[in-house]
>>> print(open('run-v3.cif').read())   # mmCIF, C-alpha atoms and all ligand atoms
data_coords
#
loop_
_atom_site.label_atom_id
_atom_site.label_comp_id
_atom_site.auth_asym_id
_atom_site.auth_seq_id
_atom_site.Cartn_x
_atom_site.Cartn_y
_atom_site.Cartn_z
CA MET A 1470 21.30 -150.63 152.52
CA ALA A 1471 19.16 -147.55 153.06
CA PRO A 1472 20.56 -144.48 151.38
CA THR A 1473 21.17 -141.33 153.35
CA GLN A 1474 22.80 -137.99 152.74
CA ALA A 1475 26.12 -136.49 153.56
CA MET A 1476 25.80 -132.77 154.21
CA ARG A 1477 28.06 -129.79 154.17
CA THR A 1478 27.89 -126.07 153.60
CA ILE A 1479 30.00 -123.79 151.46
CA ARG A 1480 30.39 -120.24 152.66
CA GLN A 1481 31.07 -117.36 150.30
CA GLN A 1482 31.55 -113.77 151.30
CA ILE A 1483 29.30 -111.33 149.45
CA THR A 1484 30.91 -108.15 148.14
CA HIS A 1485 28.46 -105.26 148.35
CA ARG A 1486 28.18 -101.49 148.53
CA PRO A 1487 27.44 -100.10 152.02
CA VAL A 1488 23.87 -99.11 151.11
CA VAL A 1489 23.06 -102.67 150.09
CA SER A 1490 23.86 -103.90 153.57
CA GLU A 1491 20.60 -102.22 154.61
CA TRP A 1492 18.67 -104.12 152.00
CA PHE A 1493 19.94 -107.39 153.42
CA THR A 1494 18.76 -106.20 156.83
CA THR A 1495 15.32 -105.07 155.63
CA THR A 1496 14.89 -108.36 153.75
CA GLN A 1497 15.78 -110.30 156.89
CA HIS A 1498 13.37 -108.24 159.01
CA LEU A 1499 10.55 -108.79 156.57
CA TYR A 1500 11.29 -112.52 156.33
CA ASN A 1501 11.23 -112.85 160.13
CA ALA A 1502 7.98 -110.92 160.39
CA VAL A 1503 6.48 -113.36 157.88
CA VAL A 1504 7.84 -116.45 159.68
CA ARG A 1505 6.47 -115.11 162.95
CA HIS A 1506 3.06 -114.51 161.38
CA PHE A 1507 2.88 -118.09 160.12
CA PHE A 1508 4.04 -119.36 163.51
CA GLU A 1509 1.15 -117.46 165.11
CA VAL A 1510 -1.27 -118.85 162.53
CA LEU A 1511 -0.07 -122.33 163.50
CA GLN A 1512 -0.55 -121.60 167.20
CA ALA A 1513 -4.12 -120.55 166.42
CA HIS A 1514 -4.73 -123.55 164.12
CA PRO A 1515 -2.64 -126.39 165.60
CA GLY A 1516 -4.50 -128.98 163.49
CA VAL A 1517 -2.43 -127.89 160.49
CA LEU A 1518 0.63 -129.51 162.08
CA ASP A 1519 -0.94 -132.95 161.70
CA LEU A 1520 -1.17 -132.55 157.91
CA SER A 1521 1.45 -133.61 155.41
CA GLU A 1522 3.97 -130.95 154.38
CA LYS A 1523 2.10 -130.34 151.12
CA ASP A 1524 -1.37 -130.11 152.69
CA ALA A 1525 -0.05 -127.91 155.50
CA LEU A 1526 1.31 -125.52 152.89
CA LYS A 1527 -2.08 -125.39 151.14
CA ALA A 1528 -3.94 -124.90 154.42
CA LEU A 1529 -1.64 -122.07 155.49
CA GLU A 1530 -1.99 -120.32 152.16
CA ARG A 1531 -5.77 -120.58 152.42
CA LEU A 1532 -5.66 -119.07 155.93
CA THR A 1533 -3.43 -116.16 154.94
CA HIS A 1534 -3.28 -115.50 151.23
CA GLN A 1535 -5.90 -113.38 149.56
CA THR A 1536 -6.88 -114.38 146.01
CA LYS A 1537 -10.01 -114.05 143.86
CA ALA A 1538 -11.09 -117.55 144.89
CA ASN A 1539 -10.16 -116.86 148.53
CA PRO A 1540 -11.15 -113.22 149.11
CA ASN A 1541 -11.31 -113.23 152.94
CA PRO A 1542 -8.51 -115.25 154.54
CA VAL A 1543 -8.76 -115.54 158.35
CA MET A 1544 -5.29 -114.18 159.16
CA PRO A 1545 -4.20 -112.26 156.08
CA LEU A 1546 -0.47 -111.92 155.53
CA SER A 1547 -1.09 -108.62 153.77
CA GLU A 1548 -1.61 -107.03 157.21
CA ILE A 1549 2.01 -107.80 158.06
CA ALA A 1550 3.60 -107.00 154.74
CA PRO A 1551 2.00 -105.71 151.57
CA GLN A 1552 3.98 -107.58 148.94
CA VAL A 1553 5.73 -110.82 149.74
CA PRO A 1554 7.10 -112.85 146.81
CA ALA A 1555 5.59 -116.33 146.67
CA MET A 1556 8.93 -118.05 147.09
CA LEU A 1557 9.83 -116.02 150.18
CA ARG A 1558 6.42 -116.93 151.59
CA ARG A 1559 7.08 -120.61 150.93
CA ALA A 1560 10.46 -120.50 152.65
CA ALA A 1561 8.91 -118.69 155.62
CA ILE A 1562 6.11 -121.27 155.84
CA HIS A 1563 8.63 -124.11 156.01
CA ALA A 1564 10.65 -122.31 158.65
CA ALA A 1565 7.50 -121.65 160.71
CA LEU A 1566 6.38 -125.29 160.36
CA GLY A 1567 9.79 -126.45 161.60
CA SER A 1568 9.68 -124.10 164.60
CA ALA A 1569 6.08 -124.97 165.45
CA ARG A 1570 6.76 -128.72 165.27
CA SER A 1571 9.81 -128.41 167.47
CA PHE A 1572 7.90 -126.26 169.97
CA GLN A 1573 5.03 -128.73 169.99
CA SER A 1574 7.29 -131.70 170.71
CA HIS A 1575 9.10 -129.81 173.50
CA LEU A 1576 5.75 -129.01 175.05
CA ALA A 1577 4.61 -132.63 174.74
CA ARG A 1578 7.80 -133.85 176.46
CA TRP A 1579 7.32 -131.31 179.24
CA ARG A 1580 3.73 -132.48 179.78
CA VAL A 1581 4.85 -136.11 180.00
CA ALA A 1582 7.56 -135.24 182.53
CA LYS A 1583 5.07 -133.24 184.58
CA ALA A 1584 2.50 -136.04 184.55
CA LYS A 1585 5.20 -138.52 185.60
CA ALA A 1586 6.23 -136.35 188.52
CA ALA A 1587 2.60 -135.93 189.56
CA ALA A 1588 2.01 -139.70 189.40
CA ARG A 1589 4.98 -140.25 191.72
CA GLY A 1590 3.89 -137.45 194.00
CA LYS A 1591 7.15 -135.58 193.39
CA PRO A 1592 7.42 -131.81 193.07
CA PHE A 1593 7.93 -130.51 189.55
CA HIS A 1594 9.63 -127.17 189.06
CA LEU A 1595 10.58 -127.21 185.40
CA ARG A 1596 8.95 -124.33 183.55
CA PRO A 1597 6.98 -125.06 180.40
CA PRO A 1598 8.73 -124.20 177.13
CA VAL A 1599 7.72 -120.84 175.67
CA PRO A 1600 7.34 -119.96 171.98
CA PRO A 1601 10.29 -117.99 170.55
CA ARG A 1602 10.13 -114.35 171.67
CA ARG A 1603 12.52 -113.00 169.09
CA TRP A 1604 12.83 -114.05 165.49
CA ASN A 1605 16.21 -113.48 163.95
CA ARG A 1606 16.64 -116.15 161.33
CA SER A 1607 18.81 -115.95 158.28
CA VAL A 1608 16.77 -115.73 155.10
CA THR A 1609 16.51 -118.91 153.04
CA LEU A 1610 16.27 -118.16 149.34
CA TYR A 1611 14.22 -120.60 147.33
CA GLN A 1612 14.62 -120.73 143.60
CA GLY A 1613 12.88 -117.63 142.26
CA MET A 1614 14.62 -115.46 144.86
CA TRP A 1615 18.01 -115.93 143.21
CA LYS A 1616 19.26 -116.44 139.65
CA CYS A 1617 22.30 -116.37 137.37
CA LYS A 1618 24.53 -118.25 139.81
CA THR A 1619 28.12 -118.60 138.65
CA LYS A 1620 31.16 -119.64 140.64
CA THR A 1621 31.85 -116.05 141.69
CA SER A 1622 28.57 -114.19 141.34
CA ILE A 1623 24.84 -114.39 141.98
CA VAL A 1624 21.76 -112.21 141.46
CA LEU A 1625 19.52 -111.91 144.54
CA LYS A 1626 16.04 -110.50 145.03
CA LEU A 1627 16.12 -108.07 147.96
CA TYR A 1628 13.65 -105.79 149.69
CA ASP A 1629 14.82 -102.17 149.98
CA GLY A 1630 12.01 -101.16 152.33
CA THR A 1631 9.53 -100.17 149.63
CA SER A 1632 10.01 -102.55 146.73
CA TRP A 1633 11.78 -105.70 145.61
CA ARG A 1634 14.76 -105.46 143.30
CA TRP A 1635 17.24 -107.76 141.66
CA VAL A 1636 20.87 -107.07 142.62
CA ARG A 1637 24.00 -108.72 141.27
CA PHE A 1638 26.80 -109.61 143.71
CA GLU A 1639 30.37 -110.80 143.50
CA LEU A 1640 31.16 -113.79 145.70
CA SER A 1641 34.43 -115.15 147.03
CA ALA A 1642 35.27 -118.21 144.90
CA GLN A 1643 34.46 -121.67 146.26
CA ASP A 1644 34.41 -124.86 144.24
CA ILE A 1645 31.52 -127.24 144.61
CA PRO A 1646 33.06 -130.69 144.93
CA GLU A 1647 32.11 -133.27 142.32
CA GLY A 1648 28.97 -135.29 143.00
CA TRP A 1649 27.48 -132.82 145.49
CA GLU A 1650 24.09 -131.23 144.92
CA ARG A 1651 23.26 -127.65 145.77
CA GLY A 1652 20.33 -126.74 148.08
CA SER A 1653 18.65 -123.39 148.78
CA PRO A 1654 21.20 -120.78 149.89
CA GLN A 1655 20.89 -118.56 152.94
CA ILE A 1656 22.11 -115.01 153.45
CA VAL A 1657 23.89 -114.94 156.78
CA ARG A 1658 25.15 -111.98 158.72
CA LYS A 1659 28.54 -112.28 160.42
CA GLY A 1660 29.52 -109.10 162.22
CA LYS A 1661 29.21 -106.37 159.61
CA ARG A 1662 29.53 -108.66 156.61
CA TRP A 1663 27.05 -110.79 154.74
CA TRP A 1664 27.75 -114.30 153.52
CA LEU A 1665 26.04 -116.70 151.20
CA HIS A 1666 25.78 -120.18 152.77
CA THR A 1667 24.89 -122.91 150.32
CA PRO A 1668 24.03 -126.34 151.73
CA LEU A 1669 25.31 -129.29 149.71
CA THR A 1670 24.11 -132.86 149.84
CA HIS A 1671 25.53 -136.05 148.50
CA ALA A 1672 23.83 -139.47 148.51
CA MET A 1673 25.67 -142.15 150.45
CA GLU A 1674 25.06 -145.51 152.08
CA ARG A 1675 23.70 -145.24 155.59
CA PRO A 1676 26.36 -146.43 158.06
CA LYS A 1677 25.36 -149.36 160.29
CA LYS A 1678 24.15 -148.65 163.81
CA VAL A 1679 26.64 -148.65 166.68
CA GLU A 1680 25.21 -151.79 168.25
CA THR A 1681 25.25 -153.71 164.95
CA GLN A 1682 28.84 -152.70 164.31
CA VAL A 1683 30.12 -153.66 167.76
CA ARG A 1684 28.18 -156.93 168.03
CA LEU A 1685 28.50 -158.25 164.52
CA ASN A 1686 31.75 -156.95 163.10
CA PRO A 1687 34.82 -158.58 164.71
CA GLU A 1688 37.01 -156.32 162.56
CA VAL A 1689 35.43 -153.12 163.88
CA ARG A 1690 37.76 -150.33 164.89
CA LEU A 1691 36.80 -147.40 166.99
CA CYS A 1692 38.39 -144.07 167.64
CA SER A 1693 37.79 -142.93 171.22
CA VAL A 1694 38.42 -139.36 172.24
CA ASP A 1695 39.20 -137.66 175.52
CA LEU A 1696 38.50 -133.94 175.27
CA ASN A 1697 40.59 -132.49 178.00
CA ILE A 1698 41.14 -128.93 176.71
CA THR A 1699 43.70 -128.18 179.45
CA HIS A 1700 46.99 -129.86 178.41
CA ALA A 1701 46.24 -131.46 175.11
CA LEU A 1702 43.03 -130.24 173.51
CA ALA A 1703 42.19 -133.83 172.66
CA VAL A 1704 43.68 -137.31 172.81
CA ALA A 1705 42.38 -139.97 170.45
CA THR A 1706 43.07 -143.70 170.55
CA ILE A 1707 42.21 -146.37 168.01
CA LEU A 1708 40.89 -149.59 169.58
CA ASP A 1709 40.08 -152.91 167.93
CA ALA A 1710 37.11 -155.11 168.89
CA ASN A 1711 39.11 -156.62 171.80
CA GLY A 1712 39.90 -153.23 173.24
CA THR A 1713 43.55 -153.35 172.21
CA ALA A 1714 44.98 -149.89 171.57
CA LEU A 1715 46.51 -149.67 168.09
CA ALA A 1716 47.45 -146.01 167.78
CA THR A 1717 47.16 -142.75 169.69
CA THR A 1718 47.37 -139.11 168.69
CA PHE A 1719 47.71 -136.01 170.84
CA ILE A 1720 46.23 -132.77 169.59
CA HIS A 1721 48.18 -130.14 171.49
CA GLY A 1722 47.51 -126.48 172.00
CA GLY A 1723 45.29 -126.50 175.10
CA LYS A 1724 47.67 -124.40 177.15
CA VAL A 1725 48.24 -121.87 174.36
CA LEU A 1726 44.51 -121.48 173.79
CA HIS A 1727 43.87 -121.13 177.51
CA ASP A 1728 46.52 -118.40 177.86
CA ARG A 1729 45.38 -116.46 174.82
CA ARG A 1730 41.81 -116.55 176.00
CA ARG A 1731 42.79 -115.58 179.54
CA ARG A 1732 44.67 -112.53 178.28
CA GLN A 1733 41.60 -111.32 176.38
CA LEU A 1734 39.26 -112.03 179.29
CA GLY A 1735 41.63 -110.26 181.67
CA ARG A 1736 41.59 -107.16 179.48
CA ILE A 1737 37.80 -107.27 179.30
CA ALA A 1738 37.63 -107.49 183.09
CA ARG A 1739 40.00 -104.52 183.48
CA ASN A 1740 37.99 -102.44 181.00
CA ARG A 1741 34.80 -103.25 182.86
CA ARG A 1742 36.29 -102.08 186.14
CA LYS A 1743 37.45 -98.88 184.48
CA THR A 1744 34.15 -98.02 182.82
CA GLY A 1745 32.07 -99.06 185.82
CA ILE A 1746 28.55 -100.33 185.36
CA ILE A 1747 27.67 -101.42 181.88
CA GLU A 1748 24.62 -99.98 180.23
CA ALA A 1749 21.96 -102.62 179.73
CA GLY A 1750 22.01 -104.13 176.27
CA VAL A 1751 25.34 -102.58 175.28
CA GLN A 1752 27.97 -105.13 174.46
CA ASP A 1753 31.20 -103.79 175.89
CA ASN A 1754 34.53 -104.97 174.56
CA GLN A 1755 32.84 -106.23 171.44
CA ALA A 1756 36.03 -106.65 169.45
CA ARG A 1757 37.61 -108.73 172.20
CA TRP A 1758 34.60 -110.98 172.53
CA GLU A 1759 34.61 -111.36 168.78
CA LYS A 1760 38.26 -112.41 168.96
CA ILE A 1761 37.61 -115.00 171.66
CA ARG A 1762 34.65 -116.42 169.78
CA HIS A 1763 36.64 -116.64 166.61
CA LEU A 1764 39.52 -118.32 168.43
CA ASP A 1765 37.21 -120.98 169.88
CA GLU A 1766 35.29 -121.60 166.68
CA ASP A 1767 38.49 -121.96 164.73
CA THR A 1768 39.88 -124.37 167.35
CA ALA A 1769 36.73 -126.51 167.23
CA HIS A 1770 36.95 -126.67 163.46
CA ARG A 1771 40.64 -127.65 163.44
CA VAL A 1772 40.44 -130.20 166.27
CA SER A 1773 37.33 -131.91 164.89
CA ARG A 1774 38.94 -132.10 161.44
CA ARG A 1775 42.06 -133.75 162.85
CA LEU A 1776 40.06 -136.22 164.93
CA VAL A 1777 38.03 -137.33 161.93
CA ASP A 1778 41.12 -137.52 159.68
CA PHE A 1779 42.84 -139.69 162.31
CA ALA A 1780 39.81 -142.01 162.51
CA VAL A 1781 39.63 -142.30 158.72
CA ALA A 1782 43.38 -142.98 158.39
CA HIS A 1783 43.07 -145.95 160.78
CA GLY A 1784 39.87 -147.35 159.31
CA ALA A 1785 37.71 -146.55 162.34
CA SER A 1786 33.96 -146.64 161.73
CA LEU A 1787 32.92 -145.40 165.18
CA LEU A 1788 33.87 -142.22 167.00
CA VAL A 1789 33.35 -142.32 170.77
CA PHE A 1790 33.19 -139.36 173.17
CA GLU A 1791 32.26 -138.89 176.80
CA GLN A 1792 28.93 -137.35 177.65
CA LEU A 1793 29.34 -133.74 178.59
CA GLY A 1794 28.01 -133.24 182.13
CA HIS A 1795 26.44 -130.05 183.43
CA PHE A 1796 28.61 -126.99 183.64
CA ARG A 1797 29.66 -126.27 187.22
CA PRO A 1798 31.52 -122.99 187.47
CA GLN A 1799 34.33 -122.88 190.03
CA GLN A 1800 35.10 -119.99 192.32
CA GLY A 1801 37.69 -117.59 191.04
CA SER A 1802 38.38 -114.45 189.09
CA TYR A 1803 36.22 -113.23 186.23
CA SER A 1804 38.74 -114.40 183.64
CA LYS A 1805 39.13 -117.80 185.29
CA ARG A 1806 35.40 -118.48 185.37
CA GLY A 1807 35.00 -117.12 181.85
CA ASN A 1808 37.78 -119.33 180.61
CA GLU A 1809 36.22 -122.44 182.15
CA LYS A 1810 32.89 -121.61 180.62
CA ARG A 1811 34.44 -121.19 177.18
CA ALA A 1812 36.37 -124.45 177.56
CA TYR A 1813 33.10 -126.20 178.40
CA TRP A 1814 31.42 -124.66 175.36
CA LEU A 1815 34.39 -125.67 173.21
CA ARG A 1816 34.07 -129.34 174.18
CA GLY A 1817 30.45 -129.32 173.04
CA LYS A 1818 31.35 -127.57 169.80
CA ILE A 1819 34.17 -130.01 169.00
CA PHE A 1820 31.72 -132.85 169.54
CA THR A 1821 29.02 -131.45 167.23
CA ASP A 1822 31.56 -130.44 164.56
CA ALA A 1823 33.23 -133.86 164.68
CA ARG A 1824 29.87 -135.63 164.52
CA TYR A 1825 28.86 -134.12 161.22
CA LYS A 1826 32.32 -134.36 159.68
CA ALA A 1827 32.48 -138.03 160.74
CA TRP A 1828 29.00 -138.73 159.33
CA ASN A 1829 30.08 -137.40 155.96
CA GLN A 1830 32.80 -140.08 156.03
CA GLY A 1831 30.38 -142.85 157.02
CA ILE A 1832 31.54 -142.83 160.66
CA VAL A 1833 28.93 -142.94 163.44
CA THR A 1834 29.51 -140.88 166.58
CA CYS A 1835 28.33 -141.91 170.03
CA ARG A 1836 28.82 -141.02 173.67
CA VAL A 1837 29.39 -143.00 176.85
CA SER A 1838 29.12 -142.14 180.55
CA PRO A 1839 32.14 -140.17 181.80
CA ARG A 1840 32.07 -141.91 185.20
CA ASP A 1841 35.59 -142.75 186.42
CA THR A 1842 37.14 -142.72 182.94
CA SER A 1843 40.10 -140.84 184.42
CA ARG A 1844 40.16 -142.56 187.80
CA ARG A 1845 40.55 -146.15 186.67
CA CYS A 1846 43.29 -148.03 184.84
CA ALA A 1847 42.29 -148.94 181.28
CA GLN A 1848 44.32 -152.17 181.56
CA CYS A 1849 42.92 -153.70 184.77
CA GLY A 1850 40.24 -151.35 186.11
CA ALA A 1851 41.98 -150.61 189.41
CA LEU A 1852 42.13 -147.06 190.78
CA VAL A 1853 45.06 -144.97 189.62
CA ALA A 1854 47.31 -142.38 191.20
CA ARG A 1855 47.33 -139.17 189.17
CA TYR A 1856 50.21 -136.78 189.57
CA ASP A 1857 52.30 -133.98 188.12
CA GLU A 1858 55.82 -134.49 186.94
CA ALA A 1859 58.32 -133.80 189.75
CA HIS A 1860 55.60 -134.51 192.31
CA PRO A 1861 55.24 -137.66 194.43
CA VAL A 1862 53.60 -140.56 192.60
CA ALA A 1863 50.58 -140.76 194.89
CA GLY A 1864 47.09 -139.44 195.48
CA TYR A 1865 44.76 -138.13 192.85
CA THR A 1866 45.31 -134.62 191.48
CA PRO A 1867 42.51 -133.83 189.03
CA GLY A 1868 43.87 -132.66 185.71
CA ALA A 1869 47.45 -133.85 186.39
CA PRO A 1870 49.16 -135.26 183.28
CA LEU A 1871 50.48 -138.65 184.50
CA PHE A 1872 49.01 -141.76 186.10
CA LEU A 1873 50.18 -144.95 187.77
CA CYS A 1874 47.96 -147.99 188.35
CA THR A 1875 47.76 -148.90 192.05
CA ASN A 1876 47.29 -152.61 191.32
CA PRO A 1877 50.66 -154.23 192.25
CA ASP A 1878 50.26 -156.84 189.48
CA CYS A 1879 49.65 -154.20 186.81
CA ARG A 1880 51.54 -150.99 187.64
CA LYS A 1881 50.65 -149.51 184.28
CA GLN A 1882 52.00 -146.01 183.96
CA GLY A 1883 51.76 -143.22 181.44
CA ASN A 1884 49.72 -140.32 180.11
CA ALA A 1885 46.47 -139.81 182.03
CA ASP A 1886 44.48 -138.47 179.05
CA ARG A 1887 45.45 -141.43 176.91
CA ASN A 1888 44.31 -143.74 179.70
CA ALA A 1889 40.98 -141.87 179.78
CA ALA A 1890 40.60 -142.16 176.00
CA GLU A 1891 41.14 -145.94 176.22
CA ASN A 1892 38.57 -146.22 179.01
CA ILE A 1893 36.03 -144.31 176.92
CA GLY A 1894 36.41 -146.73 173.99
CA LYS A 1895 36.34 -149.80 176.25
CA ARG A 1896 33.17 -148.57 177.90
CA LEU A 1897 31.41 -148.64 174.54
CA LEU A 1898 32.70 -152.17 173.83
CA SER A 1899 31.56 -153.40 177.24
CA ARG A 1900 28.09 -151.98 176.65
CA TYR A 1901 27.51 -154.64 173.99
CA ALA A 1902 29.78 -157.41 175.36
CA THR A 1903 27.95 -160.72 175.69
ZN ZN B 1 46.12 -151.45 185.99
#
>>> encode(input="run-v3.cif", output="structure tokens")
Amino acid sequence: MAPTQAMRTIRQQITHRPVVSEWFTTTQHLYNAVVRHFFEVLQAHPGVLDLSEKDALKALERLTHQTKANPNPVMPLSEIAPQVPAMLRRAAIHAALGSARSFQSHLARWRVAKAKAAARGKPFHLRPPVPPRRWNRSVTLYQGMWKCKTKTSIVLKLYDGTSWRWVRFELSAQDIPEGWERGSPQIVRKGKRWWLHTPLTHAMERPKKVETQVRLNPEVRLCSVDLNITHALAVATILDANGTALATTFIHGGKVLHDRRRRQLGRIARNRRKTGIIEAGVQDNQARWEKIRHLDEDTAHRVSRRLVDFAVAHGASLLVFEQLGHFRPQQGSYSKRGNEKRAYWLRGKIFTDARYKAWNQGIVTCRVSPRDTSRRCAQCGALVARYDEAHPVAGYTPGAPLFLCTNPDCRKQGNADRNAAENIGKRLLSRYAT
């Protein structure tokens, strides 16, 4: 089986004197100026993108780096910054290559879509992708930019605005788990603090593709997830290859999260009314936004962890979600709309967090169409009535917690989110049913 890599990141807070914070900032500015320069070189010399990584590196150095053998480079880096350490230059080149490749493929896709529309005689309004306007990347430190790494300290090479200097830092302790290999760290700004993020990799067997698993493994188990966010944050059900539900878990806390967020958003709205028009570019209520963001990020982390743990505990090798449709804001107050938008964002974040955590456990994540997953009975496929407790068992109230199957021979009844989770898993099974 083809090997692949599990990936994770350890995050350590850097302890530093206030003045040093500026050196992190100047280093980041310089790095971004260099990345941007190489991106521009690539725009001017797109042929470089067709070369191998190694040849592209050589070509870019020839175009930008002045040496005795290469006295007049076409787009000298020295015009941007006088003294850039070789290893910072390398890291910037790789970042620029990545950005340029991604931009190029976006542009190619846009051209194909445009040509398709033209061939069909249909109007085409999508704007072409534009190159990044602002560069604000975290600095990647290749070996040579850091040294003397211990569990709780590291020495980093930083730019103070005029020269480069080595500075030793204390780090919050974090163990590297056994068998994991360390990659190049990044210095990442979070609010006013700076963190060292170190990517770790670990060789593992590549999990089998979804189709192979469903078609060829009669013992396959999948964990299907309904991300509701309103009542329960998530409901997960384990299904076997026949679509029989074996276990279900409810991850509660949706209501609490919603209320806490609404309180913060309400206060922000009140403050805005009080202070009147906001100055352009000034982030009002910064601390409150920070709180909301932190609340959501923390929720995504916790929920995704629990989903993956549940899948692992029941031997599931597939994790199934619904596709996330487009965000359609509803009418309502500022805090209501804001809350819906955050809930939408949170669903996406739980999905991406769960996907990488699952991959590290050899579990493949996939998505199915969300069509009617809440409207139909998972047992027989008939339409369901969806209702609130203490309300008549009839009609369809979106978001209500209970359901009853309208098929007189079935009459299945129970939790609506669990029914949706079962439908999501069954939809994946039916995709490959023969
Ligand atoms: Zn039914």
>>> residues_around(input="run-v3.cif", residues="Arg1855 of chain A", least_positions_apart="6", cutoff="8 Å", atoms="all atoms listed in the file", output="list in words")
Val1862, Ala1863, Gly1864, Tyr1865, Thr1866, Pro1867, Ala1869, Pro1870, Leu1871, Phe1872, Leu1873 and Ala1885 of chain A
>>> residues_around(input="run-v3.cif", residues="segment 1712-1729 of chain A", least_positions_apart="3", cutoff="10 Å", atoms="all atoms listed in the file", output="ChimeraX atom specification")
/A:1690-1709,1732-1735,1761,1764-1765,1768,1771-1772,1775-1776,1779,1783,1805,1808-1809,1811-1812,1847-1848,1886-1887,1890-1892,1894-1899
>>> residues_near_ligand(input="run-v3.cif", ligand="ligand ZN 1 (chain B)", cutoff="12 Å", atoms="all atoms listed in the file", output="PyMOL selection string")
chain A and resi 1844-1854+1872-1883+1888+1892
>>> atom_distance(input="run-v3.cif", atom1="atom CA of Ile1893 of chain A", atom2="atom CA of Ala1780 of chain A")
15.1 Å
>>> residues_around(input="run-v3.cif", residues="Ile1819 of chain A", least_positions_apart="3", cutoff="7 Å", atoms="only C-alpha atoms", output="PyMOL selection string")
chain A and resi 1769+1772-1773+1815-1816+1822-1823
>>> atom_distance(input="run-v3.cif", atom1="atom CA of Leu1511 of chain A", atom2="atom CA of Ala1569 of chain A")
7.0 Å
>>> closest_residue(input="run-v3.cif", among="A:Lys1527, A:Ser1574, A:Glu1650, A:Arg1730", to="Arg1806 of chain A", atoms="only C-alpha atoms")
A:Arg1730
>>> residues_around(input="run-v3.cif", residues="Gly1660 of chain A", least_positions_apart="5", cutoff="12 Å", atoms="all atoms listed in the file", output="mmCIF file with C-alpha atoms, keeping the file's coordinate frame")
data_model
loop_
_atom_site.group_PDB
_atom_site.id
_atom_site.type_symbol
_atom_site.label_atom_id
_atom_site.label_comp_id
_atom_site.auth_asym_id
_atom_site.auth_seq_id
_atom_site.Cartn_x
_atom_site.Cartn_y
_atom_site.Cartn_z
ATOM 1 C CA SER A 1490 23.860 -103.900 153.570
ATOM 2 C CA GLN A 1755 32.840 -106.230 171.440
ATOM 3 C CA ALA A 1756 36.030 -106.650 169.450
ATOM 4 C CA TRP A 1758 34.600 -110.980 172.530
ATOM 5 C CA GLU A 1759 34.610 -111.360 168.780
ATOM 6 C CA LYS A 1760 38.260 -112.410 168.960
ATOM 7 C CA ARG A 1762 34.650 -116.420 169.780
ATOM 8 C CA HIS A 1763 36.640 -116.640 166.610
#
>>> residues_around(input="run-v3.cif", residues="Val1679 of chain A", least_positions_apart="6", cutoff="8 Å", atoms="only C-alpha atoms", output="list in words")
Leu1787, Val1833 and Cys1835 of chain A
